[in-house]
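This is final24.pdb (PDB, C-alpha atoms, pLDDT in the B column).
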```pdb
ATOM      1  CA  MET A   1      81.063  96.942 126.049  1.00 78.00           C
ATOM      2  CA  LYS A   2      83.968  94.559 125.557  1.00 90.00           C
ATOM      3  CA  GLY A   3      84.786  92.663 122.409  1.00 97.00           C
ATOM      4  CA  VAL A   4      83.730  89.034 122.180  1.00 98.00           C
ATOM      5  CA  TRP A   5      83.809  85.940 120.000  1.00 98.00           C
ATOM      6  CA  LEU A   6      80.452  85.341 118.348  1.00 98.00           C
ATOM      7  CA  GLU A   7      80.671  81.651 119.210  1.00 98.00           C
ATOM      8  CA  ASP A   8      80.695  82.474 122.920  1.00 98.00           C
ATOM      9  CA  LEU A   9      77.362  84.325 122.773  1.00 98.00           C
ATOM     10  CA  THR A  10      73.830  83.002 122.963  1.00 98.00           C
ATOM     11  CA  TRP A  11      71.595  84.017 120.086  1.00 98.00           C
ATOM     12  CA  PRO A  12      69.762  86.682 122.147  1.00 98.00           C
ATOM     13  CA  GLU A  13      73.137  88.095 123.159  1.00 97.00           C
ATOM     14  CA  ALA A  14      74.231  88.105 119.512  1.00 98.00           C
ATOM     15  CA  LYS A  15      71.001  89.903 118.559  1.00 97.00           C
ATOM     16  CA  ALA A  16      71.618  92.518 121.218  1.00 97.00           C
ATOM     17  CA  ARG A  17      75.085  93.169 119.813  1.00 97.00           C
ATOM     18  CA  PHE A  18      73.791  93.472 116.261  1.00 97.00           C
ATOM     19  CA  ASP A  19      70.959  95.750 117.382  1.00 97.00           C
ATOM     20  CA  ALA A  20      73.557  97.948 119.107  1.00 96.00           C
ATOM     21  CA  ASP A  21      75.337  98.374 115.740  1.00 96.00           C
ATOM     22  CA  THR A  22      78.417  96.496 116.902  1.00 97.00           C
ATOM     23  CA  VAL A  23      81.137  95.995 114.292  1.00 98.00           C
ATOM     24  CA  VAL A  24      81.379  92.364 113.178  1.00 98.00           C
ATOM     25  CA  VAL A  25      84.880  91.209 112.254  1.00 98.00           C
ATOM     26  CA  VAL A  26      85.256  88.141 110.030  1.00 98.00           C
ATOM     27  CA  PRO A  27      88.804  86.692 110.142  1.00 98.00           C
ATOM     28  CA  ILE A  28      89.788  84.778 106.997  1.00 98.00           C
ATOM     29  CA  GLY A  29      92.691  82.339 106.941  1.00 98.00           C
ATOM     30  CA  ALA A  30      93.243  78.903 105.443  1.00 98.00           C
ATOM     31  CA  ALA A  31      92.622  76.055 107.873  1.00 98.00           C
ATOM     32  CA  ALA A  32      94.574  73.690 105.630  1.00 98.00           C
ATOM     33  CA  LYS A  33      97.125  75.138 103.205  1.00 98.00           C
ATOM     34  CA  ALA A  34     100.736  74.098 102.601  1.00 98.00           C
ATOM     35  CA  HIS A  35     103.341  76.198 104.369  1.00 97.00           C
ATOM     36  CA  GLY A  36     106.509  74.385 103.502  1.00 96.00           C
ATOM     37  CA  PRO A  37     107.705  71.218 105.246  1.00 97.00           C
ATOM     38  CA  HIS A  38     108.195  73.042 108.556  1.00 98.00           C
ATOM     39  CA  LEU A  39     104.916  74.860 109.264  1.00 98.00           C
ATOM     40  CA  PRO A  40     101.481  73.302 109.869  1.00 98.00           C
ATOM     41  CA  LEU A  41      98.645  73.571 107.376  1.00 98.00           C
ATOM     42  CA  LYS A  42      96.695  75.685 109.885  1.00 98.00           C
ATOM     43  CA  THR A  43      99.220  78.545 109.863  1.00 98.00           C
ATOM     44  CA  ASP A  44      96.914  81.124 108.256  1.00 98.00           C
ATOM     45  CA  ALA A  45      93.890  80.189 110.357  1.00 98.00           C
ATOM     46  CA  LEU A  46      95.906  80.399 113.556  1.00 98.00           C
ATOM     47  CA  THR A  47      97.247  83.808 112.520  1.00 98.00           C
ATOM     48  CA  ALA A  48      93.762  85.063 111.640  1.00 98.00           C
ATOM     49  CA  ARG A  49      92.372  83.916 114.976  1.00 98.00           C
ATOM     50  CA  ALA A  50      95.229  85.547 116.882  1.00 98.00           C
ATOM     51  CA  LEU A  51      94.591  88.862 115.138  1.00 98.00           C
ATOM     52  CA  ALA A  52      90.868  88.640 115.883  1.00 98.00           C
ATOM     53  CA  GLN A  53      91.609  87.777 119.511  1.00 98.00           C
ATOM     54  CA  GLY A  54      93.793  90.856 119.733  1.00 98.00           C
ATOM     55  CA  LEU A  55      90.996  92.971 118.308  1.00 98.00           C
ATOM     56  CA  ILE A  56      88.372  91.830 120.807  1.00 98.00           C
ATOM     57  CA  GLU A  57      90.815  92.599 123.610  1.00 97.00           C
ATOM     58  CA  ARG A  58      91.161  96.177 122.403  1.00 97.00           C
ATOM     59  CA  LEU A  59      87.891  97.071 120.690  1.00 98.00           C
ATOM     60  CA  PRO A  60      84.163  96.410 121.351  1.00 97.00           C
ATOM     61  CA  VAL A  61      83.749  94.218 118.256  1.00 98.00           C
ATOM     62  CA  VAL A  62      82.214  90.806 117.657  1.00 98.00           C
ATOM     63  CA  ALA A  63      84.630  88.356 116.025  1.00 98.00           C
ATOM     64  CA  ALA A  64      83.024  85.687 113.856  1.00 98.00           C
ATOM     65  CA  PRO A  65      84.544  82.196 113.585  1.00 98.00           C
ATOM     66  CA  VAL A  66      87.545  82.046 111.275  1.00 98.00           C
ATOM     67  CA  LEU A  67      86.580  81.367 107.662  1.00 98.00           C
ATOM     68  CA  GLY A  68      89.042  78.576 106.961  1.00 98.00           C
ATOM     69  CA  PHE A  69      88.356  77.814 103.303  1.00 98.00           C
ATOM     70  CA  GLY A  70      89.175  80.059 100.368  1.00 98.00           C
ATOM     71  CA  PHE A  71      90.700  80.577  96.944  1.00 98.00           C
ATOM     72  CA  TYR A  72      94.254  79.184  97.031  1.00 98.00           C
ATOM     73  CA  PRO A  73      95.106  77.984  93.503  1.00 97.00           C
ATOM     74  CA  ALA A  74      98.894  77.908  93.981  1.00 97.00           C
ATOM     75  CA  PHE A  75      98.621  75.157  96.587  1.00 97.00           C
ATOM     76  CA  THR A  76      96.396  72.575  94.943  1.00 96.00           C
ATOM     77  CA  GLY A  77      99.378  70.304  94.272  1.00 96.00           C
ATOM     78  CA  PHE A  78     100.235  69.870  97.949  1.00 97.00           C
ATOM     79  CA  ALA A  79      98.637  67.124 100.013  1.00 98.00           C
ATOM     80  CA  GLY A  80      96.087  68.410 102.496  1.00 97.00           C
ATOM     81  CA  SER A  81      95.706  71.880 100.981  1.00 97.00           C
ATOM     82  CA  GLN A  82      92.030  72.793 100.646  1.00 97.00           C
ATOM     83  CA  HIS A  83      90.916  75.063  97.818  1.00 97.00           C
ATOM     84  CA  LEU A  84      87.697  76.627  96.536  1.00 98.00           C
ATOM     85  CA  THR A  85      87.242  78.205  93.137  1.00 98.00           C
ATOM     86  CA  ALA A  86      87.104  81.982  93.152  1.00 98.00           C
ATOM     87  CA  GLU A  87      83.378  81.988  92.425  1.00 98.00           C
ATOM     88  CA  THR A  88      82.607  79.451  95.146  1.00 98.00           C
ATOM     89  CA  PHE A  89      84.685  81.422  97.633  1.00 98.00           C
ATOM     90  CA  LYS A  90      82.922  84.646  96.698  1.00 98.00           C
ATOM     91  CA  SER A  91      79.534  82.938  97.066  1.00 98.00           C
ATOM     92  CA  VAL A  92      80.470  81.695 100.545  1.00 98.00           C
ATOM     93  CA  VAL A  93      81.549  85.177 101.609  1.00 98.00           C
ATOM     94  CA  ARG A  94      78.386  86.748 100.163  1.00 98.00           C
ATOM     95  CA  GLU A  95      76.197  84.302 102.056  1.00 98.00           C
ATOM     96  CA  LEU A  96      78.067  84.765 105.326  1.00 98.00           C
ATOM     97  CA  ILE A  97      77.770  88.536 105.066  1.00 98.00           C
ATOM     98  CA  GLY A  98      74.119  88.142 104.088  1.00 97.00           C
ATOM     99  CA  ASN A  99      73.473  86.072 107.193  1.00 97.00           C
ATOM    100  CA  PHE A 100      74.826  88.875 109.335  1.00 98.00           C
ATOM    101  CA  THR A 101      73.009  91.707 107.570  1.00 97.00           C
ATOM    102  CA  ALA A 102      69.726  89.782 107.586  1.00 97.00           C
ATOM    103  CA  ARG A 103      69.953  89.673 111.359  1.00 96.00           C
ATOM    104  CA  GLY A 104      70.690  93.365 111.744  1.00 96.00           C
ATOM    105  CA  ALA A 105      74.478  93.645 111.539  1.00 97.00           C
ATOM    106  CA  ARG A 106      75.315  96.755 109.537  1.00 95.00           C
ATOM    107  CA  ARG A 107      79.056  97.224 110.051  1.00 98.00           C
ATOM    108  CA  ILE A 108      81.241  94.370 108.829  1.00 98.00           C
ATOM    109  CA  ALA A 109      85.006  94.104 108.403  1.00 98.00           C
ATOM    110  CA  LEU A 110      86.851  91.227 106.735  1.00 98.00           C
ATOM    111  CA  ILE A 111      90.386  90.533 108.020  1.00 98.00           C
ATOM    112  CA  ASN A 112      92.189  88.663 105.245  1.00 98.00           C
ATOM    113  CA  THR A 113      95.472  86.809 105.796  1.00 98.00           C
ATOM    114  CA  GLY A 114      95.839  85.459 102.250  1.00 97.00           C
ATOM    115  CA  VAL A 115      97.111  86.895  98.976  1.00 97.00           C
ATOM    116  CA  SER A 116      95.119  85.068  96.303  1.00 98.00           C
ATOM    117  CA  THR A 117      91.998  85.868  98.340  1.00 98.00           C
ATOM    118  CA  GLU A 118      92.532  89.626  98.048  1.00 98.00           C
ATOM    119  CA  LYS A 119      90.952  90.119  94.619  1.00 98.00           C
ATOM    120  CA  PRO A 120      87.824  87.995  95.254  1.00 98.00           C
ATOM    121  CA  LEU A 121      87.204  89.726  98.583  1.00 98.00           C
ATOM    122  CA  ASP A 122      87.650  93.182  97.087  1.00 98.00           C
ATOM    123  CA  GLU A 123      85.158  92.258  94.371  1.00 98.00           C
ATOM    124  CA  VAL A 124      82.558  91.069  96.882  1.00 98.00           C
ATOM    125  CA  ALA A 125      83.036  94.181  99.011  1.00 97.00           C
ATOM    126  CA  LYS A 126      82.582  96.424  95.983  1.00 97.00           C
ATOM    127  CA  GLU A 127      79.501  94.505  94.925  1.00 96.00           C
ATOM    128  CA  LEU A 128      77.834  94.641  98.332  1.00 95.00           C
ATOM    129  CA  GLY A 129      79.021  98.081  99.388  1.00 93.00           C
ATOM    130  CA  GLY A 130      79.795  99.138 102.933  1.00 93.00           C
ATOM    131  CA  VAL A 131      81.992  96.149 103.779  1.00 97.00           C
ATOM    132  CA  LEU A 132      85.507  97.007 104.935  1.00 98.00           C
ATOM    133  CA  VAL A 133      88.261  94.644 103.729  1.00 98.00           C
ATOM    134  CA  LEU A 134      91.623  94.742 105.484  1.00 98.00           C
ATOM    135  CA  HIS A 135      94.426  92.682 103.962  1.00 98.00           C
ATOM    136  CA  MET A 136      97.247  91.516 106.199  1.00 96.00           C
ATOM    137  CA  ARG A 137      99.797  92.023 103.452  1.00 93.00           C
ATOM    138  CA  GLY A 138     101.184  95.493 104.048  1.00 87.00           C
ATOM    139  CA  LEU A 139     100.241  95.609 107.718  1.00 96.00           C
ATOM    140  CA  GLY A 140     102.857  95.801 110.440  1.00 96.00           C
ATOM    141  CA  GLN A 141     105.395  97.907 108.605  1.00 95.00           C
ATOM    142  CA  ALA A 142     106.625  99.268 111.942  1.00 96.00           C
ATOM    143  CA  ALA A 143     108.224  95.867 112.592  1.00 96.00           C
ATOM    144  CA  GLU A 144     109.691  95.300 109.126  1.00 93.00           C
ATOM    145  CA  ALA A 145     113.122  96.517 110.223  1.00 94.00           C
ATOM    146  CA  LEU A 146     113.450  93.271 112.186  1.00 95.00           C
ATOM    147  CA  ILE A 147     113.169  91.152 109.047  1.00 94.00           C
ATOM    148  CA  GLU A 148     116.601  90.278 107.713  1.00 93.00           C
ATOM    149  CA  HIS A 149     115.536  88.466 104.556  1.00 84.00           C
ATOM    150  CA  LYS A 150     113.017  90.688 102.763  1.00 81.00           C
ATOM    151  CA  ASP A 151     112.337  88.276  99.917  1.00 81.00           C
ATOM    152  CA  GLY A 152     110.065  85.304 100.243  1.00 80.00           C
ATOM    153  CA  GLY A 153     106.429  85.723 101.104  1.00 86.00           C
ATOM    154  CA  HIS A 154     105.317  82.243 102.106  1.00 94.00           C
ATOM    155  CA  ALA A 155     106.461  80.107 105.038  1.00 95.00           C
ATOM    156  CA  ASP A 156     109.356  82.551 105.152  1.00 95.00           C
ATOM    157  CA  GLU A 157     111.063  84.450 107.952  1.00 95.00           C
ATOM    158  CA  ARG A 158     107.905  86.408 108.724  1.00 96.00           C
ATOM    159  CA  GLU A 159     105.445  83.526 108.850  1.00 97.00           C
ATOM    160  CA  THR A 160     107.849  81.232 110.662  1.00 97.00           C
ATOM    161  CA  SER A 161     108.520  83.943 113.253  1.00 97.00           C
ATOM    162  CA  VAL A 162     104.784  84.409 113.784  1.00 98.00           C
ATOM    163  CA  MET A 163     104.284  80.694 114.303  1.00 98.00           C
ATOM    164  CA  LEU A 164     107.223  80.538 116.712  1.00 98.00           C
ATOM    165  CA  ALA A 165     105.426  83.229 118.697  1.00 98.00           C
ATOM    166  CA  LEU A 166     101.935  81.730 118.493  1.00 98.00           C
ATOM    167  CA  GLU A 167     102.530  77.987 118.651  1.00 98.00           C
ATOM    168  CA  PRO A 168     106.230  77.051 118.743  1.00 98.00           C
ATOM    169  CA  ARG A 169     105.576  73.358 119.273  1.00 98.00           C
ATOM    170  CA  SER A 170     104.030  73.149 115.795  1.00 98.00           C
ATOM    171  CA  VAL A 171     107.132  74.472 113.986  1.00 98.00           C
ATOM    172  CA  ARG A 172     109.457  71.758 112.650  1.00 98.00           C
ATOM    173  CA  MET A 173     112.730  73.646 112.769  1.00 94.00           C
ATOM    174  CA  ASP A 174     114.596  70.529 111.661  1.00 95.00           C
ATOM    175  CA  LYS A 175     112.622  70.551 108.391  1.00 95.00           C
ATOM    176  CA  LEU A 176     113.611  74.017 107.162  1.00 93.00           C
ATOM    177  CA  VAL A 177     114.327  74.213 103.439  1.00 86.00           C
ATOM    178  CA  LEU A 178     116.263  77.160 101.999  1.00 82.00           C
ATOM    179  CA  ASP A 179     115.858  78.275  98.396  1.00 73.00           C
ATOM    180  CA  GLY A 180     114.036  75.140  97.286  1.00 78.00           C
ATOM    181  CA  PRO A 181     111.672  75.349  94.299  1.00 91.00           C
ATOM    182  CA  PHE A 182     108.222  76.470  95.488  1.00 93.00           C
ATOM    183  CA  GLU A 183     106.571  73.764  93.388  1.00 93.00           C
ATOM    184  CA  GLN A 184     108.361  71.156  95.500  1.00 93.00           C
ATOM    185  CA  THR A 185     108.471  72.760  98.938  1.00 95.00           C
ATOM    186  CA  GLY A 186     105.479  75.108  99.185  1.00 95.00           C
ATOM    187  CA  ALA A 187     107.778  77.735 100.687  1.00 95.00           C
ATOM    188  CA  THR A 188     109.814  80.751  99.625  1.00 93.00           C
ATOM    189  CA  GLY A 189     112.452  82.835 101.389  1.00 90.00           C
ATOM    190  CA  ASP A 190     114.742  82.070 104.310  1.00 91.00           C
ATOM    191  CA  PRO A 191     112.890  80.814 107.422  1.00 94.00           C
ATOM    192  CA  SER A 192     116.150  80.049 109.261  1.00 94.00           C
ATOM    193  CA  ARG A 193     116.308  83.647 110.508  1.00 94.00           C
ATOM    194  CA  ALA A 194     112.935  83.437 112.220  1.00 96.00           C
ATOM    195  CA  THR A 195     112.554  84.056 115.958  1.00 97.00           C
ATOM    196  CA  ALA A 196     109.625  84.232 118.331  1.00 98.00           C
ATOM    197  CA  PHE A 197     110.598  87.802 119.234  1.00 98.00           C
ATOM    198  CA  LYS A 198     110.230  88.884 115.604  1.00 97.00           C
ATOM    199  CA  GLY A 199     106.874  87.131 115.429  1.00 98.00           C
ATOM    200  CA  GLU A 200     105.600  88.881 118.550  1.00 98.00           C
ATOM    201  CA  ARG A 201     106.631  92.277 117.203  1.00 98.00           C
ATOM    202  CA  LEU A 202     105.125  91.567 113.776  1.00 98.00           C
ATOM    203  CA  MET A 203     101.784  90.551 115.249  1.00 98.00           C
ATOM    204  CA  ALA A 204     101.744  93.539 117.602  1.00 98.00           C
ATOM    205  CA  ALA A 205     102.448  95.926 114.705  1.00 98.00           C
ATOM    206  CA  ARG A 206      99.796  94.305 112.530  1.00 98.00           C
ATOM    207  CA  LEU A 207      97.265  94.551 115.329  1.00 98.00           C
ATOM    208  CA  ASP A 208      98.077  98.226 115.851  1.00 98.00           C
ATOM    209  CA  ASP A 209      97.464  98.826 112.142  1.00 98.00           C
ATOM    210  CA  LEU A 210      94.165  96.930 112.229  1.00 98.00           C
ATOM    211  CA  VAL A 211      92.957  98.878 115.257  1.00 98.00           C
ATOM    212  CA  ALA A 212      93.904 102.133 113.536  1.00 98.00           C
ATOM    213  CA  ALA A 213      92.159 101.164 110.294  1.00 98.00           C
ATOM    214  CA  LEU A 214      88.963 100.164 112.069  1.00 98.00           C
ATOM    215  CA  GLY A 215      89.067 103.370 114.076  1.00 97.00           C
ATOM    216  CA  ARG A 216      89.407 105.464 110.933  1.00 97.00           C
ATOM    217  CA  ARG A 217      86.367 103.760 109.414  1.00 97.00           C
ATOM    218  CA  TRP A 218      84.284 103.806 112.598  1.00 97.00           C
ATOM    219  CA  PRO A 219      85.602 106.508 114.959  1.00 96.00           C
ATOM    220  CA  ASP A 220      83.202 105.532 117.741  1.00 95.00           C
ATOM    221  CA  LEU A 221      85.252 102.357 118.302  1.00 92.00           C
ATOM    222  CA  ASN A 222      88.071 104.390 119.855  1.00 82.00           C
TER     223      ASN A 222
END
```
The structure given in the file should be rewritten as C-alpha cells.
Amino acid sequence: MKGVWLEDLTWPEAKARFDADTVVVVPIGAAAKAHGPHLPLKTDALTARALAQGLIERLPVVAAPVLGFGFYPAFTGFAGSQHLTAETFKSVVRELIGNFTARGARRIALINTGVSTEKPLDEVAKELGGVLVLHMRGLGQAAEALIEHKDGGHADERETSVMLALEPRSVRMDKLVLDGPFEQTGATGDPSRATAFKGERLMAARLDDLVAALGRRWPDLN
C-alpha cells in the first residue's frame, strides 16, 4: 500500500485506510507567518507539505492537510501573520486528533515545523497518550555541515535555502536584510549564503530522519 494525501481519498477509501491501522501524519506549519522581507508568509506551510509529500512517497502513511494556524506569539506585530493563543491551538489539535481516532485511526504522528508550537504540541501528546510528535528543529543534522552561518533560526540561511529549493520564484533575493533587528525585519541570521543545493540537502536529510523516527516507532512501516 502506497502513501497518500487524505484529501485525495473518498471517505470509504479513508475508512479502509483507518481500519487497516495506517499511520496518519499531520503536518503543521504556518500558512501565514512573517519570514523577513524576502520570504513569503507561507514558508512553514510549504515546508510542512513538502516533508509530508516526501513521506507518502517513501512510506504507506496517510498525510492529512497541513494545519496552517498555530501559536506564534513572536510574530503578532507583523502584517499578515496569523496567530492563535496556546489554548486555542491546543484545542484545535485535540479536536483534529479526536476526529481521526473517532473514525478508527489509532496511530497518529504530528510533524511540526515551528518552535513556539513545540511546547503546546508536546502537552497535547502527553495528555492524549500514544501520539508521536516530531519537531523539525534538530532534524537533518547530516546536512548541517553545509550551513556556513550557524546563528539565526528564522528566515535565515537554512530557511532561505529550503525555499530556493522548493519555490525559488517566491524568494525576493533583492530584499535580503542582514543583521537587522528581529522586531523590525522578522528575520535573524544571514540569508545571503543560501542556495537551492543546500535546501535540497537539508530537506533530504530531514526526510531521512523523519522516516527513521517513524520506523522506530512503528517498525512495520519499513
>> On this structure, the PyMOL selection byres ((chain A and resi 84-87) around 7) would catch which residues? List them as a VMD selection string, sorted by chain and number.
In response: chain A and resid 69 to 71 83 88 to 91 120
> If the PyMOL selection byres ((chain A and resi 170) around 12) is run on the structure shown, which residues does it catch, given as a list of chain:residue names?
Replying inline: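 So the PyMOL selection byres ((chain A and resi 170) around 12) ends up selecting A:His35, A:Pro37, A:His38, A:Leu39, A:Pro40, A:Leu41, A:Lys42, A:Thr43, A:Leu46, A:Thr160, A:Ser161, A:Val162, A:Met163, A:Leu164, A:Ala165, A:Leu166, A:Glu167, A:Pro168, A:Arg169, A:Val171, A:Arg172, A:Met173, A:Asp174, A:Lys175.
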> Between atom CA of Lys126 of chain A and atom CA of Trp218 of chain A, what is the distance, to one decimal in Å?
Replying inline: 18.3 Å
The centre and edge lengths of an axis-aligned box containing all atoms of segment 129-148 of chain A present in the file, extended by 5 Å on each side, are to be given in Å to one decimal, as JSON.
```
{"center_x": 97.8, "center_y": 94.8, "center_z": 106.0, "size_x": 47.6, "size_y": 19.0, "size_z": 23.2}
```
>> On this structure, the PyMOL selection byres ((chain A and resi 104) around 9) would catch which residues? List them as a PyMOL selection string, sorted by chain and number.
In response: chain A and resi 15+18-19+21+100-103+105-106
> Mind pulling up the distance from atom CA of Leu146 of chain A to atom CA of Gln184 of chain A?
Replying inline: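 Spanning atom CA of Gln184 of chain A to atom CA of Leu146 of chain A is a straight-line distance of 28.2 Å.
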> Got a sec: who's within 9 Å of Leu210 of chain A, counting only C-alpha atoms, leaving out chain neighbours fewer than 2 positions off, as JSON, numbers by chain?
Replying inline: {"A": [51, 55, 111, 134, 136, 139, 140, 205, 206, 207, 208, 212, 213, 214, 215]}
> Do you know which residues are at most 9 Å from Gly152 of chain A counting only C-alpha atoms, after dropping those on the same chain fewer than 4 positions away, and could you put them as number ranges by chain?
Replying inline: A: 156-158, 187-191
> So which residues fall inside 12 Å of (90.5, 85.7, 118.5) if we count only C-alpha atoms? Mind giving them as a ChimeraX atom specification?
Replying inline: /A:3-8,25-28,45-59,61-66,111,207
Filtering to C-alpha atoms, could you give me those residues as a JSON list (two decimals), in the frame of the given file?
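result.json, written as the output of this step:
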```json
[["chain", "number", "residue", "atom", "x", "y", "z"],
["A", 3, "GLY", "CA", 84.79, 92.66, 122.41],
["A", 4, "VAL", "CA", 83.73, 89.03, 122.18],
["A", 5, "TRP", "CA", 83.81, 85.94, 120.00],
["A", 6, "LEU", "CA", 80.45, 85.34, 118.35],
["A", 7, "GLU", "CA", 80.67, 81.65, 119.21],
["A", 8, "ASP", "CA", 80.69, 82.47, 122.92],
["A", 25, "VAL", "CA", 84.88, 91.21, 112.25],
["A", 26, "VAL", "CA", 85.26, 88.14, 110.03],
["A", 27, "PRO", "CA", 88.80, 86.69, 110.14],
["A", 28, "ILE", "CA", 89.79, 84.78, 107.00],
["A", 45, "ALA", "CA", 93.89, 80.19, 110.36],
["A", 46, "LEU", "CA", 95.91, 80.40, 113.56],
["A", 47, "THR", "CA", 97.25, 83.81, 112.52],
["A", 48, "ALA", "CA", 93.76, 85.06, 111.64],
["A", 49, "ARG", "CA", 92.37, 83.92, 114.98],
["A", 50, "ALA", "CA", 95.23, 85.55, 116.88],
["A", 51, "LEU", "CA", 94.59, 88.86, 115.14],
["A", 52, "ALA", "CA", 90.87, 88.64, 115.88],
["A", 53, "GLN", "CA", 91.61, 87.78, 119.51],
["A", 54, "GLY", "CA", 93.79, 90.86, 119.73],
["A", 55, "LEU", "CA", 91.00, 92.97, 118.31],
["A", 56, "ILE", "CA", 88.37, 91.83, 120.81],
["A", 57, "GLU", "CA", 90.82, 92.60, 123.61],
["A", 58, "ARG", "CA", 91.16, 96.18, 122.40],
["A", 59, "LEU", "CA", 87.89, 97.07, 120.69],
["A", 61, "VAL", "CA", 83.75, 94.22, 118.26],
["A", 62, "VAL", "CA", 82.21, 90.81, 117.66],
["A", 63, "ALA", "CA", 84.63, 88.36, 116.02],
["A", 64, "ALA", "CA", 83.02, 85.69, 113.86],
["A", 65, "PRO", "CA", 84.54, 82.20, 113.58],
["A", 66, "VAL", "CA", 87.54, 82.05, 111.28],
["A", 111, "ILE", "CA", 90.39, 90.53, 108.02],
["A", 207, "LEU", "CA", 97.26, 94.55, 115.33]]
```
> Which is closest to Gly186 of chain A among A:Met1, A:Leu67, A:Ala79, A:Ala125, if we use only C-alpha atoms?
Replying inline: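 Smallest separation from Gly186 of chain A among the options: A:Ala79.
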>> Quick check, in Å to one decimal: how far apart do atom CA of Ala74 of chain A and atom CA of Lys33 of chain A lie?
In response: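 The value is 9.8 Å.
The closest residue to Tyr72 of chain A, picked from A:Leu96, A:Leu202, A:Ala34, A:Ala109 and counting all atoms listed in the file, is A:Ala34.
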> For Val131 of chain A, which of A:Ala32, A:Val23, A:Ala16, A:Ile108 is the closest residue, counting all atoms listed in the file?
Replying inline: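 Ranking A:Ala32, A:Val23, A:Ala16, A:Ile108 by distance to Val131 of chain A, first place goes to A:Ile108.
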>> So, with only C-alpha atoms as the atoms that count, which of A:Arg201, A:His135, A:His154, A:His149 lies closest to Thr113 of chain A?
In response: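 Answer, going by the shortest atom-to-atom distance: A:His135.
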> Taking only C-alpha atoms into account, which of A:Val93, A:Gly138, A:Ile147, A:Gly80 comes nearest Asp122 of chain A?
Replying inline: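 Residue with the minimum atom-to-atom distance to Asp122 of chain A: A:Val93.
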Any chance you could build segment 81-86 of chain A out to all heavy atoms and write it as an mmCIF file, in the frame of the given file?
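What ended up in result-v2.cif:
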```
data_model
loop_
_atom_site.group_PDB
_atom_site.id
_atom_site.type_symbol
_atom_site.label_atom_id
_atom_site.label_comp_id
_atom_site.auth_asym_id
_atom_site.auth_seq_id
_atom_site.Cartn_x
_atom_site.Cartn_y
_atom_site.Cartn_z
ATOM 1 N N SER A 81 96.126 70.505 101.240
ATOM 2 C CA SER A 81 95.706 71.880 100.981
ATOM 3 C C SER A 81 94.283 71.899 100.432
ATOM 4 O O SER A 81 93.973 71.199 99.463
ATOM 5 C CB SER A 81 96.654 72.550 99.986
ATOM 6 O OG SER A 81 97.935 72.720 100.544
ATOM 7 N N GLN A 82 93.436 72.691 101.050
ATOM 8 C CA GLN A 82 92.030 72.793 100.646
ATOM 9 C C GLN A 82 91.808 74.073 99.848
ATOM 10 O O GLN A 82 92.321 75.131 100.200
ATOM 11 C CB GLN A 82 91.135 72.790 101.885
ATOM 12 C CG GLN A 82 91.263 71.536 102.728
ATOM 13 C CD GLN A 82 90.805 70.299 101.991
ATOM 14 O OE1 GLN A 82 89.647 70.207 101.578
ATOM 15 N NE2 GLN A 82 91.710 69.348 101.805
ATOM 16 N N HIS A 83 91.036 73.965 98.762
ATOM 17 C CA HIS A 83 90.916 75.063 97.818
ATOM 18 C C HIS A 83 89.495 75.142 97.271
ATOM 19 O O HIS A 83 88.896 74.123 96.922
ATOM 20 C CB HIS A 83 91.915 74.838 96.680
ATOM 21 C CG HIS A 83 91.691 75.665 95.460
ATOM 22 N ND1 HIS A 83 91.917 77.021 95.437
ATOM 23 C CD2 HIS A 83 91.242 75.331 94.219
ATOM 24 C CE1 HIS A 83 91.630 77.487 94.228
ATOM 25 N NE2 HIS A 83 91.218 76.491 93.479
ATOM 26 N N LEU A 84 88.965 76.356 97.202
ATOM 27 C CA LEU A 84 87.697 76.627 96.536
ATOM 28 C C LEU A 84 87.964 77.447 95.284
ATOM 29 O O LEU A 84 88.921 78.216 95.243
ATOM 30 C CB LEU A 84 86.756 77.419 97.453
ATOM 31 C CG LEU A 84 86.412 76.827 98.823
ATOM 32 C CD1 LEU A 84 85.536 77.805 99.600
ATOM 33 C CD2 LEU A 84 85.722 75.480 98.681
ATOM 34 N N THR A 85 87.120 77.313 94.285
ATOM 35 C CA THR A 85 87.242 78.205 93.137
ATOM 36 C C THR A 85 86.931 79.622 93.584
ATOM 37 O O THR A 85 86.297 79.840 94.623
ATOM 38 C CB THR A 85 86.270 77.811 92.020
ATOM 39 O OG1 THR A 85 84.916 78.006 92.487
ATOM 40 C CG2 THR A 85 86.468 76.363 91.591
ATOM 41 N N ALA A 86 87.346 80.587 92.796
ATOM 42 C CA ALA A 86 87.104 81.982 93.152
ATOM 43 C C ALA A 86 85.612 82.264 93.295
ATOM 44 O O ALA A 86 85.176 82.948 94.234
ATOM 45 C CB ALA A 86 87.726 82.908 92.107
#
```
